[in-house]
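Enquirer: One file is attached below, protein_2.txt, containing compact mmCIF, C-alpha atoms.
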```
# COMPACT_ATOMS: atom_id res chain seq x y z
CA MET U 1 34.48 -17.27 21.01
CA ALA U 2 33.84 -17.99 17.33
CA ASP U 3 33.94 -15.16 14.82
CA ILE U 4 30.30 -14.49 13.97
CA LYS U 5 29.98 -13.29 10.39
CA ALA U 6 27.15 -11.09 9.19
CA SER U 7 26.52 -13.58 6.38
CA ASP U 8 25.97 -16.36 8.96
CA VAL U 9 23.49 -14.17 10.85
CA ALA U 10 21.64 -13.46 7.61
CA LYS U 11 21.60 -17.15 6.67
CA LEU U 12 20.25 -18.15 10.09
CA ARG U 13 17.58 -15.49 9.81
CA SER U 14 16.50 -16.80 6.40
CA MET U 15 16.35 -20.32 7.86
CA THR U 16 14.38 -19.42 10.98
CA ASN U 17 12.67 -16.06 10.36
CA ALA U 18 13.87 -14.95 13.79
CA GLY U 19 15.12 -11.42 14.47
CA MET U 20 18.69 -10.41 13.61
CA MET U 21 19.72 -9.97 17.26
CA ASP U 22 18.15 -13.31 18.22
CA CYS U 23 20.13 -14.97 15.42
CA LYS U 24 23.40 -13.35 16.46
CA LYS U 25 22.88 -14.33 20.12
CA ALA U 26 22.07 -17.90 19.10
CA LEU U 27 25.20 -18.15 16.97
CA ILE U 28 27.33 -16.80 19.81
CA GLU U 29 25.77 -19.32 22.19
CA ALA U 30 26.33 -22.12 19.65
CA ASN U 31 29.92 -21.03 19.05
CA GLY U 32 29.20 -20.44 15.38
CA ASP U 33 27.52 -23.81 14.73
CA LEU U 34 24.60 -23.03 12.41
CA ASP U 35 22.60 -26.20 13.11
CA ALA U 36 23.01 -25.79 16.85
CA ALA U 37 21.93 -22.16 16.55
CA VAL U 38 18.72 -23.29 14.81
CA ASP U 39 18.01 -25.63 17.73
CA ILE U 40 18.64 -22.83 20.23
CA ILE U 41 16.17 -20.56 18.44
CA ARG U 42 13.58 -23.33 18.25
CA LYS U 43 13.77 -23.75 22.03
CA LYS U 44 13.06 -20.06 22.63
CA ASP U 45 9.94 -17.93 22.15
CA ALA U 46 10.45 -17.69 18.41
CA ASN U 47 10.04 -21.43 17.90
CA ILE U 48 6.53 -21.22 16.48
CA ALA U 49 7.64 -18.52 14.07
CA VAL U 50 10.41 -20.88 12.93
CA LYS U 51 7.90 -23.58 12.11
CA LYS U 52 5.57 -21.22 10.27
CA ALA U 53 8.09 -19.16 8.33
CA ASP U 54 8.05 -21.31 5.19
CA ARG U 55 4.27 -21.31 4.82
CA GLU U 56 2.70 -19.07 2.21
CA ALA U 57 0.83 -16.05 3.54
CA ASN U 58 -1.69 -15.13 0.85
CA GLU U 59 -4.62 -13.98 2.97
CA GLY U 60 -4.73 -10.97 5.30
CA ILE U 61 -6.16 -7.48 5.58
CA VAL U 62 -5.39 -3.86 4.76
CA ALA U 63 -5.34 -1.50 7.76
CA ASN U 64 -4.77 2.20 8.25
CA HIS U 65 -4.04 4.83 10.86
CA LEU U 66 -4.65 8.57 10.61
CA GLN U 67 -3.11 10.98 13.08
CA SER U 68 -5.34 13.69 14.49
CA GLY U 69 -5.95 16.54 12.10
CA GLY U 70 -5.57 14.35 9.02
CA LYS U 71 -2.02 15.49 8.30
CA VAL U 72 -0.37 12.05 8.50
CA GLY U 73 -1.72 8.69 7.40
CA VAL U 74 -0.43 5.14 7.02
CA LEU U 75 -1.76 2.26 4.96
CA VAL U 76 -0.42 -1.23 5.58
CA LYS U 77 -1.00 -4.59 3.94
CA ILE U 78 -0.45 -7.53 6.27
CA ASN U 79 -0.64 -11.12 5.11
CA CYS U 80 -1.49 -14.31 6.99
CA GLU U 81 -2.17 -17.87 5.87
CA THR U 82 -5.95 -18.18 6.22
CA ASP U 83 -9.02 -15.99 5.93
CA PHE U 84 -10.07 -17.39 9.32
CA VAL U 85 -7.12 -15.61 10.95
CA ALA U 86 -7.70 -12.51 8.83
CA LYS U 87 -11.10 -12.21 10.54
CA ASN U 88 -9.60 -12.81 14.00
CA GLU U 89 -9.92 -9.80 16.33
CA SER U 90 -6.44 -10.28 17.73
CA PHE U 91 -4.91 -10.26 14.24
CA GLN U 92 -6.92 -7.19 13.26
CA ALA U 93 -5.82 -5.39 16.42
CA PHE U 94 -2.20 -6.27 15.59
CA CYS U 95 -2.60 -4.80 12.09
CA ALA U 96 -4.11 -1.61 13.47
CA GLU U 97 -1.22 -1.28 15.92
CA VAL U 98 1.35 -1.81 13.15
CA ALA U 99 -0.25 1.06 11.22
CA GLN U 100 -0.20 3.26 14.32
CA LYS U 101 3.45 2.49 15.05
CA LEU U 102 4.43 3.36 11.48
CA ALA U 103 2.46 6.60 11.63
CA GLU U 104 4.35 7.58 14.77
CA ASP U 105 7.74 6.38 13.46
CA PRO U 106 8.19 5.44 9.79
CA ASN U 107 11.48 3.69 10.69
CA ALA U 108 10.04 1.58 13.51
CA ASP U 109 11.56 -1.91 13.80
CA LEU U 110 8.52 -4.21 13.92
CA GLU U 111 10.25 -7.58 13.55
CA GLU U 112 10.04 -8.60 17.21
CA PHE U 113 6.42 -7.40 17.35
CA ARG U 114 5.59 -9.44 14.22
CA THR U 115 7.38 -12.56 15.49
CA HIS U 116 5.51 -12.39 18.78
CA GLN U 117 2.23 -12.25 16.88
CA VAL U 118 3.21 -15.29 14.81
CA ALA U 119 3.79 -17.22 18.02
CA LYS U 120 0.47 -15.99 19.42
CA ILE U 121 -1.68 -16.65 16.33
CA GLY U 122 0.07 -19.78 15.05
CA GLU U 123 0.36 -18.71 11.40
CA ASN U 124 3.00 -17.07 9.25
CA ILE U 125 2.37 -13.31 9.28
CA GLN U 126 4.13 -10.89 6.95
CA ILE U 127 4.00 -7.09 6.81
CA ALA U 128 3.88 -7.08 3.02
CA GLU U 129 3.67 -3.37 2.19
CA SER U 130 3.24 -0.05 3.95
CA SER U 131 3.00 3.58 2.87
CA ARG U 132 3.03 6.79 4.88
CA LEU U 133 1.68 10.07 3.50
CA GLU U 134 2.16 13.42 5.18
CA VAL U 135 0.61 16.70 4.07
CA GLU U 136 2.92 19.64 3.51
CA GLY U 137 0.87 22.84 3.61
CA GLY U 138 -2.90 22.90 3.22
CA GLY U 139 -4.98 19.79 2.68
CA MET U 140 -5.43 16.42 4.35
CA VAL U 141 -4.72 12.73 4.18
CA ALA U 142 -7.69 10.38 4.18
CA ALA U 143 -8.17 6.62 4.10
CA TYR U 144 -10.83 4.14 3.13
CA ILE U 145 -10.97 0.44 3.96
CA HIS U 146 -13.54 -1.48 1.95
CA PRO U 147 -15.79 -3.86 3.95
CA GLY U 148 -13.86 -7.08 4.50
CA ALA U 149 -10.58 -5.12 4.60
CA LYS U 150 -9.28 -6.71 1.39
CA VAL U 151 -8.92 -3.33 -0.34
CA GLY U 152 -7.64 -0.12 1.25
CA VAL U 153 -6.84 3.36 0.00
CA LEU U 154 -4.78 6.28 1.28
CA VAL U 155 -4.90 9.64 -0.52
CA GLU U 156 -3.31 13.03 -0.01
CA VAL U 157 -5.36 15.98 -1.27
CA GLY U 158 -3.80 19.43 -1.31
CA ALA U 159 -5.47 22.79 -0.80
CA GLY U 160 -4.15 26.32 -1.05
CA LYS U 161 -5.96 27.48 2.08
CA ASP U 162 -6.10 25.81 5.50
CA SER U 163 -9.76 26.79 5.79
CA SER U 164 -10.67 24.61 2.79
CA SER U 165 -9.73 21.35 4.51
CA GLU U 166 -11.96 22.27 7.45
CA SER U 167 -15.06 22.56 5.26
CA GLU U 168 -17.57 19.73 4.92
CA GLU U 169 -17.48 20.11 1.14
CA PHE U 170 -13.74 19.40 1.06
CA LYS U 171 -14.10 16.43 3.41
CA GLN U 172 -16.86 14.97 1.22
CA LEU U 173 -14.69 15.44 -1.85
CA VAL U 174 -11.85 13.54 -0.19
CA ARG U 175 -14.21 10.73 0.84
CA ASP U 176 -15.42 10.49 -2.75
CA LEU U 177 -11.84 10.30 -3.99
CA THR U 178 -11.02 7.38 -1.70
CA LEU U 179 -14.10 5.52 -2.94
CA GLN U 180 -13.16 6.29 -6.54
CA ILE U 181 -9.64 4.90 -6.11
CA ALA U 182 -10.92 1.78 -4.36
CA ALA U 183 -13.52 1.07 -7.06
CA ALA U 184 -11.75 2.18 -10.26
CA ASN U 185 -8.17 1.22 -9.35
CA PRO U 186 -6.24 3.94 -11.22
CA ALA U 187 -2.49 3.53 -11.74
CA LYS U 188 -1.50 7.22 -11.75
CA VAL U 189 -2.92 10.55 -10.62
CA SER U 190 -2.64 12.18 -14.05
CA ARG U 191 -1.54 11.37 -17.59
CA ASP U 192 1.58 13.47 -16.99
CA GLU U 193 2.81 10.74 -14.64
CA VAL U 194 2.53 7.94 -17.20
CA ASP U 195 5.98 6.81 -18.30
CA ALA U 196 6.84 7.92 -21.84
CA ALA U 197 7.99 4.41 -22.71
CA GLU U 198 4.58 3.05 -21.69
CA ILE U 199 2.85 5.51 -24.01
CA VAL U 200 5.14 4.55 -26.89
CA LYS U 201 4.43 0.87 -26.27
CA GLU U 202 0.66 1.41 -26.25
CA LYS U 203 0.83 3.36 -29.51
CA GLU U 204 2.91 0.62 -31.11
CA ILE U 205 0.36 -2.00 -30.09
CA ILE U 206 -2.48 0.07 -31.52
CA ALA U 207 -0.60 0.66 -34.76
CA GLU U 208 0.04 -3.05 -35.14
CA GLN U 209 -3.61 -3.90 -34.46
CA PHE U 210 -4.80 -1.57 -37.21
CA LYS U 211 -1.84 -1.78 -39.61
CA ASP U 212 -4.13 -2.52 -42.56
CA LYS U 213 -5.93 0.81 -42.13
CA PRO U 214 -4.87 4.02 -43.96
CA ALA U 215 -2.32 6.18 -42.09
CA GLN U 216 -4.86 8.94 -41.35
CA ALA U 217 -7.29 6.40 -39.92
CA ILE U 218 -4.57 4.86 -37.73
CA GLU U 219 -3.71 8.30 -36.38
CA LYS U 220 -7.34 9.00 -35.50
CA ILE U 221 -7.84 5.55 -33.97
CA THR U 222 -4.66 5.96 -31.92
CA LEU U 223 -5.85 9.28 -30.48
CA GLY U 224 -9.15 7.70 -29.46
CA LYS U 225 -7.56 4.57 -28.02
CA MET U 226 -4.99 6.57 -26.03
CA GLU U 227 -7.72 8.80 -24.65
CA LYS U 228 -9.53 5.66 -23.48
CA TYR U 229 -6.27 4.39 -21.97
CA PHE U 230 -5.85 7.58 -19.92
CA GLN U 231 -9.49 7.47 -18.85
CA THR U 232 -8.91 3.97 -17.51
CA HIS U 233 -5.48 4.36 -15.90
CA CYS U 234 -5.36 7.97 -14.69
CA LEU U 235 -7.44 9.15 -11.74
CA LEU U 236 -8.07 12.68 -13.02
CA ASP U 237 -9.35 11.37 -16.37
CA GLN U 238 -11.60 8.68 -14.90
CA ALA U 239 -15.37 9.05 -14.92
CA PHE U 240 -16.67 9.71 -11.41
CA VAL U 241 -18.20 6.47 -10.09
CA LYS U 242 -21.14 8.38 -8.59
CA ASP U 243 -21.77 10.41 -11.75
CA GLY U 244 -20.54 9.00 -15.03
CA ASP U 245 -21.08 12.32 -16.80
CA SER U 246 -18.33 13.99 -14.74
CA SER U 247 -14.62 13.25 -14.56
CA ILE U 248 -12.55 13.47 -11.40
CA LYS U 249 -10.87 16.50 -12.95
CA ASP U 250 -14.34 18.11 -13.21
CA LEU U 251 -15.05 17.19 -9.60
CA LEU U 252 -11.88 18.91 -8.38
CA ALA U 253 -12.55 22.00 -10.51
CA LYS U 254 -16.10 22.30 -9.17
CA ALA U 255 -14.91 22.03 -5.54
CA GLY U 256 -12.11 24.52 -6.20
CA LYS U 257 -14.54 27.03 -7.66
CA SER U 258 -16.94 26.65 -4.74
CA LEU U 259 -14.18 26.96 -2.15
CA GLU U 260 -12.30 29.62 -4.11
CA ASP U 261 -9.18 27.52 -3.85
CA GLU U 262 -6.96 25.20 -5.89
CA ILE U 263 -7.63 21.58 -4.96
CA THR U 264 -5.14 18.94 -6.12
CA VAL U 265 -4.62 15.22 -5.66
CA GLN U 266 -0.99 14.89 -4.65
CA ARG U 267 -0.55 11.15 -4.16
CA PHE U 268 -2.49 8.00 -3.48
CA VAL U 269 -1.85 4.39 -2.50
CA ARG U 270 -4.15 1.41 -3.08
CA TYR U 271 -3.48 -2.01 -1.58
CA GLN U 272 -5.39 -5.19 -2.29
CA ILE U 273 -5.04 -8.61 -0.71
CA GLY U 274 -4.14 -11.09 -3.42
CA GLY U 275 -3.32 -8.25 -5.80
```
Give the structure from this file in structure tokens form.

Expert:
Amino acid sequence: MADIKASDVAKLRSMTNAGMMDCKKALIEANGDLDAAVDIIRKKDANIAVKKADREANEGIVANHLQSGGKVGVLVKINCETDFVAKNESFQAFCAEVAQKLAEDPNADLEEFRTHQVAKIGENIQIAESSRLEVEGGGMVAAYIHPGAKVGVLVEVGAGKDSSSESEEFKQLVRDLTLQIAAANPAKVSRDEVDAAEIVKEKEIIAEQFKDKPAQAIEKITLGKMEKYFQTHCLLDQAFVKDGDSSIKDLLAKAGKSLEDEITVQRFVRYQIGG
């Protein structure tokens, strides 16, 4: 029997998009002959996946799964070739099941499941991105999928008391946060998370734009421009989409005061098809 190298298995997989074990078996059967192994794979169930693997998958949907109690949530972005397939019930059911499998096991091997769906649907399908959030302590994970499933959000909101997350006020706050993230597309939770190098770069750009101004004026302009930058890029500094007079920071403070608790946004994920 030929010596099957890991590099040959990887090369065959890149050529065919078949699973690693399928590639290894095909190479063993072909006695190490790469071209013959391709033919073997094409004759098996993965043959449609082989034909579709080189096609671009730029359409698709965002799906989610929340485990009972809102302590664990998964958001997944799955691409296909056409919007027609993205609207297909079978494809949507597949996406929902992928999210569920990843919620149950973040290390789940979904390659065979994906390849089977490619053969069933007849288009290249790629699990592009996935994120899994799990609450530690009080709070909950919530999700929002915008109509059309082209934009999806997953957010983890912390609370000091378990009773807070059971209240309708807290649940409404979390729903509002998912809508905010979907609509306003923040990059970070707070300005503290913005990379220092990014801040330096923004300040340098501003200084260059207004280099003909006096130094004091540049300093004042920079403060104003940076404040606007944070209000655009940081969730807590953004104006609430339902009430432009309040920031998200204000919204959290108001809920915390009402619930007599400390409410915090821990993490969020936002996926967009084509973005």

Enquirer: Using all atoms listed in the file for the distances, tell me which of U:Ser7, U:Gln238, U:Asn17, U:Ser164 is nearest to His116 of chain U.

Expert: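 Residue with the minimum atom-to-atom distance to His116 of chain U: U:Asn17.
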
Enquirer: Between atom CA of Lys211 of chain U and atom CA of Cys234 of chain U, what distance in Å does the model show, to one decimal?

Expert: 27.0 Å

Enquirer: Between U:Lys5, U:Lys188, U:Lys201, U:Lys77, single out the one closest to Asp33 of chain U, counting only C-alpha atoms.

Expert: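 Looking at the shortest contact to Asp33 of chain U, the residue is U:Lys5.
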
Enquirer: Which residues come within 8 Å of Ala57 of chain U, counting all atoms listed in the file, excluding same-chain residues fewer than 5 positions away, as a PyMOL selection string?

Expert: chain U and resi 79-82+124-126

Enquirer: With a distance cut-off of 9 Å and only C-alpha atoms, select the neighbouring residues of Ala26 of chain U, excluding the residue or stretch itself and same-chain residues fewer than 6 positions from it, and output the selection as a list in words.

Expert: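 My reading of the contact set: Gly32, Leu34, Ala36, Ala37, Val38, Asp39, Ile40 and Ile41 of chain U.
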
Enquirer: Tell me, in Å to one decimal, how far atom CA of Ala187 of chain U is from atom CA of Leu235 of chain U.

Expert: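 Separation of atom CA of Ala187 of chain U and atom CA of Leu235 of chain U: 7.5 Å.
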
Enquirer: Could you pull the residues within 9 Å of Val265 of chain U, counting all atoms listed in the file, minus those fewer than 3 positions along the same chain, as a ChimeraX atom specification?

Expert: /U:155-158,177,189,236,252,268

Enquirer: Work out how far atom CA of Ile221 of chain U is from atom CA of Leu251 of chain U, in Å to one decimal.

Expert: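 According to the coordinates, atom CA of Leu251 of chain U and atom CA of Ile221 of chain U are separated by 28.0 Å.
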
Enquirer: Looking at all atoms listed in the file, which of U:Thr115, U:Asn58, U:Gln272, U:Ser90 is the one that sits closest to Ala182 of chain U?

Expert: U:Gln272

Enquirer: Nearest to Ala253 of chain U among U:Leu173, U:Glu29, U:Leu223, U:Pro186, with distances taken over all atoms listed in the file: which residue is it?

Expert: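 Checking each of U:Leu173, U:Glu29, U:Leu223, U:Pro186 against Ala253 of chain U, counting all atoms listed in the file, the winner is U:Leu173.
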
Enquirer: Within 12 Å of Arg175 of chain U, counting all atoms listed in the file, which residues show up once you throw out same-chain ones fewer than 2 positions away? Write them as a PyMOL selection string, please.

Expert: chain U and resi 140-145+153-157+168-173+177-182+242

Enquirer: Of the candidates U:Ala255, U:Glu260, U:Glu56, U:Asn88, which one gets nearest to Asp176 of chain U if we count only C-alpha atoms?

Expert: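 Among U:Ala255, U:Glu260, U:Glu56, U:Asn88, it is U:Ala255 that comes nearest to Asp176 of chain U.
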
Enquirer: From the options U:Lys150, U:Arg42, U:Lys25, U:Lys203, which residue's atoms come nearest to Gly60 of chain U, counting only C-alpha atoms?

Expert: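 Of U:Lys150, U:Arg42, U:Lys25, U:Lys203, the one nearest Gly60 of chain U is U:Lys150, counting only C-alpha atoms.
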
Enquirer: Need to verify the contact set: Asp237 of chain U, 8 Å, all atoms listed in the file, exclusion of same-chain residues closer than 5 positions in sequence. Can you return it as a ChimeraX atom specification?

Expert: /U:190-191,230-232,247-249
